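Asker: To be precise about what I am sending: the file is called run.cif and holds mmCIF, C-alpha atoms.
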data_final
loop_
_atom_site.label_atom_id
_atom_site.label_comp_id
_atom_site.auth_asym_id
_atom_site.auth_seq_id
_atom_site.Cartn_x
_atom_site.Cartn_y
_atom_site.Cartn_z
CA ASN E 1152 41.85 10.30 -97.20
CA ALA E 1153 38.35 11.48 -97.98
CA GLY E 1154 37.13 10.27 -94.58
CA VAL E 1155 33.38 9.75 -94.54
CA THR E 1156 31.40 10.82 -97.59
CA GLN E 1157 27.64 10.86 -98.14
CA THR E 1158 25.63 10.81 -101.33
CA PRO E 1159 23.50 12.76 -102.15
CA LYS E 1160 23.89 16.04 -100.28
CA PHE E 1161 20.30 17.14 -100.88
CA ARG E 1162 17.14 15.37 -101.97
CA VAL E 1163 13.46 16.18 -102.22
CA LEU E 1164 10.99 13.30 -102.30
CA LYS E 1165 7.26 13.01 -102.58
CA THR E 1166 5.38 10.98 -100.01
CA GLY E 1167 5.54 7.31 -100.87
CA GLN E 1168 8.69 7.49 -102.98
CA SER E 1169 11.73 5.45 -102.12
CA MET E 1170 15.41 6.28 -102.06
CA THR E 1171 18.77 5.09 -100.83
CA LEU E 1172 21.40 7.15 -99.07
CA LEU E 1173 24.99 6.03 -99.51
CA CYS E 1174 27.71 6.37 -96.91
CA ALA E 1175 31.31 5.50 -97.76
CA GLN E 1176 34.42 5.54 -95.57
CA ASP E 1177 38.04 4.93 -96.51
CA MET E 1178 39.44 4.46 -93.01
CA ASN E 1179 38.85 0.69 -92.83
CA HIS E 1180 36.51 1.15 -89.86
CA GLU E 1181 34.45 -1.77 -88.65
CA TYR E 1182 31.64 0.26 -87.14
CA MET E 1183 29.27 2.45 -89.12
CA TYR E 1184 26.20 4.40 -88.03
CA TRP E 1185 23.23 6.27 -89.43
CA TYR E 1186 21.75 9.16 -87.44
CA ARG E 1187 18.99 11.63 -88.11
CA GLN E 1188 18.82 15.17 -86.78
CA ASP E 1189 15.63 17.15 -86.69
CA PRO E 1190 15.70 20.96 -86.35
CA GLY E 1191 16.93 22.13 -82.94
CA MET E 1192 17.51 18.61 -81.68
CA GLY E 1193 20.40 16.29 -81.07
CA LEU E 1194 21.25 13.30 -83.24
CA ARG E 1195 19.26 10.10 -82.91
CA LEU E 1196 20.64 6.73 -83.94
CA ILE E 1197 18.66 4.93 -86.66
CA HIS E 1198 20.71 1.80 -87.40
CA TYR E 1199 24.28 0.74 -87.04
CA SER E 1200 26.66 -2.00 -88.17
CA VAL E 1201 29.52 -3.65 -86.33
CA GLY E 1202 31.01 -5.20 -89.45
CA GLU E 1203 30.46 -6.28 -93.02
CA GLY E 1204 27.20 -8.17 -93.37
CA THR E 1205 25.84 -7.08 -89.98
CA THR E 1206 23.23 -4.51 -89.02
CA ALA E 1207 21.41 -3.59 -85.83
CA LYS E 1208 18.58 -1.28 -84.80
CA GLY E 1209 19.17 1.97 -83.02
CA GLU E 1210 16.79 4.30 -81.24
CA VAL E 1211 14.53 5.20 -84.20
CA PRO E 1212 14.69 2.38 -86.81
CA ASP E 1213 11.08 2.34 -88.02
CA GLY E 1214 10.63 3.22 -91.68
CA TYR E 1215 14.27 2.59 -92.56
CA ASN E 1216 16.32 -0.35 -93.75
CA VAL E 1217 20.07 -0.68 -94.02
CA SER E 1218 22.64 -2.89 -95.66
CA ARG E 1219 26.40 -3.35 -95.24
CA LEU E 1220 27.48 -5.52 -98.16
CA LYS E 1221 30.97 -4.05 -98.24
CA LYS E 1222 33.02 -2.92 -95.27
CA GLN E 1223 33.46 0.57 -96.64
CA ASN E 1224 29.80 1.22 -97.51
CA PHE E 1225 26.67 1.55 -95.40
CA LEU E 1226 23.36 2.13 -97.19
CA LEU E 1227 20.22 3.63 -95.67
CA GLY E 1228 16.96 2.98 -97.47
CA LEU E 1229 13.57 4.58 -97.21
CA GLU E 1230 11.02 2.28 -98.85
CA SER E 1231 8.03 4.62 -98.63
CA ALA E 1232 9.02 8.12 -97.58
CA ALA E 1233 6.82 10.09 -95.18
CA PRO E 1234 6.92 13.80 -94.26
CA SER E 1235 8.03 12.77 -90.74
CA GLN E 1236 11.27 11.57 -92.30
CA THR E 1237 12.20 15.08 -93.35
CA SER E 1238 15.51 15.54 -91.59
CA VAL E 1239 19.25 15.79 -91.96
CA TYR E 1240 20.90 12.38 -92.06
CA PHE E 1241 24.44 11.83 -90.85
CA CYS E 1242 26.62 8.83 -91.29
CA ALA E 1243 29.55 8.03 -89.01
CA SER E 1244 32.22 5.39 -88.63
CA THR E 1245 34.69 4.34 -86.00
CA HIS E 1246 37.33 1.80 -85.13
CA TRP E 1247 37.09 -0.11 -81.89
CA ASP E 1248 40.27 -1.89 -80.95
CA GLY E 1249 38.54 -3.98 -78.31
CA SER E 1250 40.28 -2.15 -75.52
CA VAL E 1251 38.10 -0.75 -72.77
CA THR E 1252 41.06 1.15 -71.39
CA SER E 1253 41.55 3.53 -74.29
CA GLY E 1254 38.03 4.64 -75.03
CA SER E 1255 38.89 4.79 -78.70
CA GLY E 1256 35.59 3.34 -79.89
CA GLY E 1257 33.80 6.53 -78.96
CA GLU E 1258 35.70 8.62 -81.49
CA GLN E 1259 33.25 8.62 -84.34
CA PHE E 1260 34.01 10.31 -87.64
CA PHE E 1261 31.01 11.95 -89.27
CA GLY E 1262 30.08 12.70 -92.84
CA PRO E 1263 28.79 16.08 -94.04
CA GLY E 1264 25.14 15.05 -93.98
CA THR E 1265 22.26 14.58 -96.40
CA ARG E 1266 19.38 17.03 -96.21
CA LEU E 1267 16.16 15.21 -97.08
CA THR E 1268 12.78 16.85 -97.56
CA VAL E 1269 9.66 14.74 -98.00
CA LEU E 1270 6.66 16.62 -99.37
CA ASP G 637 24.58 5.61 -70.87
CA ALA G 638 24.66 7.97 -67.95
CA LYS G 639 22.39 10.99 -68.29
CA THR G 640 24.26 14.23 -68.90
CA THR G 641 23.04 17.75 -68.19
CA GLN G 642 24.40 20.82 -69.95
CA PRO G 643 23.32 24.45 -69.98
CA PRO G 644 21.41 25.20 -73.18
CA SER G 645 23.52 28.19 -74.12
CA MET G 646 26.63 30.16 -73.18
CA ASP G 647 28.48 33.18 -74.50
CA CYS G 648 32.21 33.78 -74.48
CA ALA G 649 34.33 36.71 -75.59
CA GLU G 650 36.76 36.06 -78.41
CA GLY G 651 40.24 35.32 -77.10
CA ARG G 652 39.02 34.33 -73.68
CA ALA G 653 38.77 30.80 -72.34
CA ALA G 654 35.44 29.06 -72.83
CA ASN G 655 34.51 26.72 -69.99
CA LEU G 656 31.63 24.40 -70.80
CA PRO G 657 30.23 22.39 -67.89
CA CYS G 658 28.59 18.99 -67.95
CA ASN G 659 26.92 17.15 -65.12
CA HIS G 660 26.94 13.33 -65.17
CA SER G 661 26.21 12.47 -61.57
CA THR G 662 25.07 8.89 -62.32
CA ILE G 663 28.15 7.95 -64.33
CA SER G 664 29.46 4.46 -63.67
CA GLY G 665 33.08 3.46 -63.28
CA ASN G 666 33.54 2.16 -66.80
CA GLU G 667 31.89 5.04 -68.62
CA TYR G 668 34.00 7.54 -70.50
CA VAL G 669 33.12 11.18 -71.04
CA TYR G 670 33.22 12.26 -74.68
CA TRP G 671 32.89 15.75 -76.08
CA TYR G 672 31.80 16.57 -79.60
CA ARG G 673 30.87 19.80 -81.30
CA GLN G 674 28.68 20.59 -84.26
CA ILE G 675 29.22 23.72 -86.24
CA HIS G 676 26.05 24.87 -87.95
CA SER G 677 24.75 22.32 -90.48
CA GLN G 678 27.95 20.25 -90.41
CA GLY G 679 28.53 16.75 -89.08
CA PRO G 680 29.62 16.52 -85.44
CA GLN G 681 33.33 16.63 -84.74
CA TYR G 682 35.06 14.67 -82.00
CA ILE G 683 36.98 16.88 -79.58
CA ILE G 684 38.29 14.88 -76.64
CA HIS G 685 37.46 12.11 -74.21
CA GLY G 686 38.53 10.94 -70.76
CA LEU G 687 37.85 8.44 -68.01
CA LYS G 688 39.07 9.99 -64.77
CA ASN G 689 42.27 11.87 -65.51
CA ASN G 690 42.38 15.31 -67.01
CA GLU G 691 43.12 15.26 -70.72
CA THR G 692 44.50 17.80 -73.16
CA ASN G 693 44.91 17.82 -76.90
CA GLU G 694 45.42 20.42 -79.58
CA MET G 695 41.77 21.43 -79.49
CA ALA G 696 40.81 21.52 -75.83
CA SER G 697 41.29 20.37 -72.27
CA LEU G 698 38.95 18.14 -70.32
CA ILE G 699 38.78 18.45 -66.56
CA ILE G 700 36.93 15.66 -64.74
CA THR G 701 36.16 16.07 -61.04
CA GLU G 702 37.61 13.55 -58.65
CA ASP G 703 34.20 12.01 -57.98
CA ARG G 704 33.57 11.93 -61.77
CA LYS G 705 30.14 13.47 -61.36
CA SER G 706 30.91 16.43 -63.56
CA SER G 707 33.39 17.67 -66.11
CA THR G 708 34.39 20.86 -67.88
CA LEU G 709 35.54 21.29 -71.44
CA ILE G 710 37.95 24.17 -71.80
CA LEU G 711 38.71 25.96 -75.05
CA PRO G 712 41.71 28.03 -73.97
CA HIS G 713 41.46 30.88 -76.49
CA ALA G 714 38.04 30.88 -78.10
CA THR G 715 37.69 32.17 -81.65
CA LEU G 716 34.61 32.98 -83.71
CA ARG G 717 35.04 29.62 -85.44
CA ASP G 718 34.41 27.87 -82.12
CA THR G 719 30.77 28.97 -82.20
CA ALA G 720 28.95 25.64 -82.23
CA VAL G 721 26.76 23.25 -80.26
CA TYR G 722 28.88 21.24 -77.83
CA TYR G 723 27.74 17.79 -76.76
CA CYS G 724 28.86 15.95 -73.63
CA ILE G 725 28.27 12.17 -73.72
CA ALA G 726 28.93 9.56 -71.05
CA THR G 727 29.02 5.99 -72.27
CA ARG G 728 30.73 2.62 -71.99
CA VAL G 729 33.09 1.86 -74.84
CA SER G 730 31.57 -1.61 -75.08
CA ALA G 731 28.18 -0.03 -75.84
CA ARG G 732 29.63 0.96 -79.24
CA GLN G 733 27.06 3.73 -79.48
CA LEU G 734 26.75 7.39 -78.64
CA THR G 735 23.60 9.07 -77.37
CA PHE G 736 23.49 12.76 -78.19
CA GLY G 737 21.48 15.12 -76.00
CA SER G 738 20.63 18.73 -76.73
CA GLY G 739 24.10 20.11 -75.98
CA THR G 740 25.22 23.66 -75.23
CA GLN G 741 25.10 26.36 -77.87
CA LEU G 742 28.34 28.28 -77.43
CA THR G 743 28.44 31.68 -79.06
CA VAL G 744 31.81 33.39 -79.26
CA LEU G 745 31.34 37.14 -79.38
CA PRO G 746 33.75 39.53 -81.12
#
For this file, produce the structure as structure tokens.
Answerer:
Amino acid sequence: NAGVTQTPKFRVLKTGQSMTLLCAQDMNHEYMYWYRQDPGMGLRLIHYSVGEGTTAKGEVPDGYNVSRLKKQNFLLGLESAAPSQTSVYFCASTHWDGSVTSGSGGEQFFGPGTRLTVL
Amino acid sequence: DAKTTQPPSMDCAEGRAANLPCNHSTISGNEYVYWYRQIHSQGPQYIIHGLKNNETNEMASLIITEDRKSSTLILPHATLRDTAVYYCIATRVSARQLTFGSGTQLTVLP
């Protein structure tokens, strides 16, 4: 199992350019998440998905769009990149069995991150 | 999610137990306590979680006070590779989300 993979690992964009970050997981997880992490700070949730064809906004969704066309993939798009979007982006996935007695839905598996710089 | 409070940094000698505290005094009855760690520049790694009983796995032990207002993550024999930022999160499973705070930077000293 590769777990959660992210493509690309590094990217430099100019202001106004667009790009798509790809997250893939091979664990058959229903839930997938995109976070950003700025220097010295904790992770902040951008968007998430509770299943194929679904997406929802997180804490900091502005300037980003997402799509979940296949269960194993979760795409994060920047339509017009801004310097404020310079950050490290992490993808995560998890399985929630519907049980509130096990707490299993909180065990998220993270990818290695994509380091994005917007000039 | 209940607010959690952690010290910003701690040191621990290699081979000794590392005890990382977390305060979650407003936790509600259906909120679990989750611990993650993030080694420099890597994605966070799940460590352990619990509701009200103490828990142990191959990585760590989690001690939750009887009133559930605080917890302690214990790394029994810290190594240099345990140097990382440790995050304590209190959340309902049904929320399906995690909110990461600033965490505790643990530095294991040789």
Asker: I'd like the neighbourhood of Gln741 (chain G) as a list in words, where a residue qualifies if any of its atoms comes within 6 Å (using all atoms listed in the file), though same-chain residues fewer than 2 positions away should be ignored.
Answerer: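 The neighbour list is Ser645, Ala720 and Val721 of chain G.
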Asker: Could you check which of G:Cys724, G:Met646, G:Thr715, G:Pro746 is closest to chain E, using all atoms listed in the file?
Answerer: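 So, comparing all the options, the nearest one is G:Cys724.
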Asker: Name the residues that the PyMOL selection byres ((chain E and resi 1179) around 8) picks from the file above, as a short mmCIF file (atom, residue, chain, number, x, y, z; two decimals) with C-alpha atoms, keeping the file's coordinate frame, using the file's chain letters and numbers.
Answerer:
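So result.cif came out as:
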data_model
loop_
_atom_site.label_atom_id
_atom_site.label_comp_id
_atom_site.auth_asym_id
_atom_site.auth_seq_id
_atom_site.Cartn_x
_atom_site.Cartn_y
_atom_site.Cartn_z
CA GLN E 1176 34.42 5.54 -95.57
CA ASP E 1177 38.04 4.93 -96.51
CA MET E 1178 39.44 4.46 -93.01
CA HIS E 1180 36.51 1.15 -89.86
CA GLU E 1181 34.45 -1.77 -88.65
CA LYS E 1222 33.02 -2.92 -95.27
CA GLN E 1223 33.46 0.57 -96.64
CA HIS E 1246 37.33 1.80 -85.13
#
Asker: Using only C-alpha atoms, what does the table of chain G residues within 9 Å of chain E look like, with each row giving the shortest atom pair and its distance in Å to one decimal, sorted by chain and ascending number, as a tab-separated table?
Answerer:
residue	atom	partner	partner_atom	distance
G:Asn666	CA	E:Val1251	CA	8.1
G:Glu667	CA	E:Gly1254	CA	8.9
G:Tyr668	CA	E:Gly1254	CA	6.7
G:Tyr670	CA	E:Gly1257	CA	7.2
G:Ser677	CA	E:Gly1264	CA	8.1
G:Gln678	CA	E:Pro1263	CA	5.6
G:Gly679	CA	E:Pro1263	CA	5.0
G:Pro680	CA	E:Phe1261	CA	6.1
G:Gln681	CA	E:Phe1261	CA	6.9
G:Tyr682	CA	E:Glu1258	CA	6.1
G:Ile683	CA	E:Glu1258	CA	8.6
G:Ile684	CA	E:Glu1258	CA	8.3
G:His685	CA	E:Gly1254	CA	7.5
G:Gly686	CA	E:Gly1254	CA	7.6
G:Leu687	CA	E:Gly1254	CA	8.0
G:Tyr723	CA	E:Gly1193	CA	8.6
G:Thr727	CA	E:Gly1257	CA	8.2
G:Arg728	CA	E:Val1251	CA	8.1
G:Val729	CA	E:Gly1254	CA	5.7
G:Ser730	CA	E:Val1251	CA	7.0
G:Arg732	CA	E:Gly1256	CA	6.5
G:Gln733	CA	E:Gly1257	CA	7.3
G:Leu734	CA	E:Gly1257	CA	7.1
G:Thr735	CA	E:Arg1195	CA	7.1
G:Phe736	CA	E:Gly1193	CA	5.5
G:Gly737	CA	E:Gly1193	CA	5.3
G:Ser738	CA	E:Gly1193	CA	5.0
G:Gly739	CA	E:Gly1193	CA	7.4
Asker: Take the selection from the previous step and output its residues with C-alpha atoms, as an mmCIF file, in the coordinates of the input.
Answerer:
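Final file, again.cif:
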data_model
loop_
_atom_site.group_PDB
_atom_site.id
_atom_site.type_symbol
_atom_site.label_atom_id
_atom_site.label_comp_id
_atom_site.auth_asym_id
_atom_site.auth_seq_id
_atom_site.Cartn_x
_atom_site.Cartn_y
_atom_site.Cartn_z
ATOM 1 C CA ASN G 666 33.540 2.160 -66.800
ATOM 2 C CA GLU G 667 31.890 5.040 -68.620
ATOM 3 C CA TYR G 668 34.000 7.540 -70.500
ATOM 4 C CA TYR G 670 33.220 12.260 -74.680
ATOM 5 C CA SER G 677 24.750 22.320 -90.480
ATOM 6 C CA GLN G 678 27.950 20.250 -90.410
ATOM 7 C CA GLY G 679 28.530 16.750 -89.080
ATOM 8 C CA PRO G 680 29.620 16.520 -85.440
ATOM 9 C CA GLN G 681 33.330 16.630 -84.740
ATOM 10 C CA TYR G 682 35.060 14.670 -82.000
ATOM 11 C CA ILE G 683 36.980 16.880 -79.580
ATOM 12 C CA ILE G 684 38.290 14.880 -76.640
ATOM 13 C CA HIS G 685 37.460 12.110 -74.210
ATOM 14 C CA GLY G 686 38.530 10.940 -70.760
ATOM 15 C CA LEU G 687 37.850 8.440 -68.010
ATOM 16 C CA TYR G 723 27.740 17.790 -76.760
ATOM 17 C CA THR G 727 29.020 5.990 -72.270
ATOM 18 C CA ARG G 728 30.730 2.620 -71.990
ATOM 19 C CA VAL G 729 33.090 1.860 -74.840
ATOM 20 C CA SER G 730 31.570 -1.610 -75.080
ATOM 21 C CA ARG G 732 29.630 0.960 -79.240
ATOM 22 C CA GLN G 733 27.060 3.730 -79.480
ATOM 23 C CA LEU G 734 26.750 7.390 -78.640
ATOM 24 C CA THR G 735 23.600 9.070 -77.370
ATOM 25 C CA PHE G 736 23.490 12.760 -78.190
ATOM 26 C CA GLY G 737 21.480 15.120 -76.000
ATOM 27 C CA SER G 738 20.630 18.730 -76.730
ATOM 28 C CA GLY G 739 24.100 20.110 -75.980
#
Asker: Give me, please, the distance in Å between CA of Pro1212 (chain E) and CA of Cys1174 (chain E), quoted to one decimal.
Answerer: 17.0 Å
Asker: Fewer than 2 positions away in the same chain doesn't count, so skip those; otherwise give me all residues within 8 Å of Ala696 (chain G), counting all atoms listed in the file, as a CSV table (one decimal) with C-alpha atoms, in the frame of the given file.
Answerer:
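Listed below is the output, selection_36.csv:
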chain,number,residue,atom,x,y,z
G,683,ILE,CA,37.0,16.9,-79.6
G,684,ILE,CA,38.3,14.9,-76.6
G,692,THR,CA,44.5,17.8,-73.2
G,693,ASN,CA,44.9,17.8,-76.9
G,694,GLU,CA,45.4,20.4,-79.6
G,698,LEU,CA,39.0,18.1,-70.3
G,709,LEU,CA,35.5,21.3,-71.4
G,710,ILE,CA,38.0,24.2,-71.8
G,711,LEU,CA,38.7,26.0,-75.0
G,712,PRO,CA,41.7,28.0,-74.0
Asker: Identify, on the basis of only C-alpha atoms, every residue whose closest approach to region 1215-1218 of chain E does not exceed 10 Å; exclude the query and any residue fewer than 5 positions from it along the same chain; express the result as a PDB file with C-alpha atoms, in the coordinates of the input.
Answerer:
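Contents of around31.pdb, freshly written:
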ATOM      1  CA  THR E1171      18.770   5.090-100.830  1.00  0.00           C
ATOM      2  CA  LEU E1172      21.400   7.150 -99.070  1.00  0.00           C
ATOM      3  CA  LEU E1173      24.990   6.030 -99.510  1.00  0.00           C
ATOM      4  CA  TYR E1184      26.200   4.400 -88.030  1.00  0.00           C
ATOM      5  CA  TRP E1185      23.230   6.270 -89.430  1.00  0.00           C
ATOM      6  CA  ILE E1197      18.660   4.930 -86.660  1.00  0.00           C
ATOM      7  CA  HIS E1198      20.710   1.800 -87.400  1.00  0.00           C
ATOM      8  CA  TYR E1199      24.280   0.740 -87.040  1.00  0.00           C
ATOM      9  CA  SER E1200      26.660  -2.000 -88.170  1.00  0.00           C
ATOM     10  CA  GLU E1203      30.460  -6.280 -93.020  1.00  0.00           C
ATOM     11  CA  GLY E1204      27.200  -8.170 -93.370  1.00  0.00           C
ATOM     12  CA  THR E1205      25.840  -7.080 -89.980  1.00  0.00           C
ATOM     13  CA  THR E1206      23.230  -4.510 -89.020  1.00  0.00           C
ATOM     14  CA  ALA E1207      21.410  -3.590 -85.830  1.00  0.00           C
ATOM     15  CA  LYS E1208      18.580  -1.280 -84.800  1.00  0.00           C
ATOM     16  CA  ASN E1224      29.800   1.220 -97.510  1.00  0.00           C
ATOM     17  CA  PHE E1225      26.670   1.550 -95.400  1.00  0.00           C
ATOM     18  CA  LEU E1226      23.360   2.130 -97.190  1.00  0.00           C
ATOM     19  CA  LEU E1227      20.220   3.630 -95.670  1.00  0.00           C
ATOM     20  CA  GLY E1228      16.960   2.980 -97.470  1.00  0.00           C
ATOM     21  CA  LEU E1229      13.570   4.580 -97.210  1.00  0.00           C
ATOM     22  CA  GLU E1230      11.020   2.280 -98.850  1.00  0.00           C
ATOM     23  CA  SER E1231       8.030   4.620 -98.630  1.00  0.00           C
ATOM     24  CA  ALA E1232       9.020   8.120 -97.580  1.00  0.00           C
ATOM     25  CA  GLN E1236      11.270  11.570 -92.300  1.00  0.00           C
TER      26      GLN E1236
END
Asker: Using only C-alpha atoms, pick whichever of E:Leu1164, E:Leu1220, E:Leu1267, E:Met1170 has the shortest atom-to-atom distance to Arg1187 (chain E).
Answerer: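 Closest residue, counting only C-alpha atoms: E:Leu1267.
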Asker: Which residues, named as in the file, does the PyMOL selection byres ((chain G and resi 657) around 9) pick out? Answer as a PyMOL selection string.
Answerer: chain G and resi 641-643+655-656+658-659+706-710+724+740
Asker: Suppose you want the space between CA of Asp637 (chain G) and CA of Ala654 (chain G); what is it in Å?
Answerer: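 Separation of CA of Asp637 (chain G) and CA of Ala654 (chain G): 25.9 Å.
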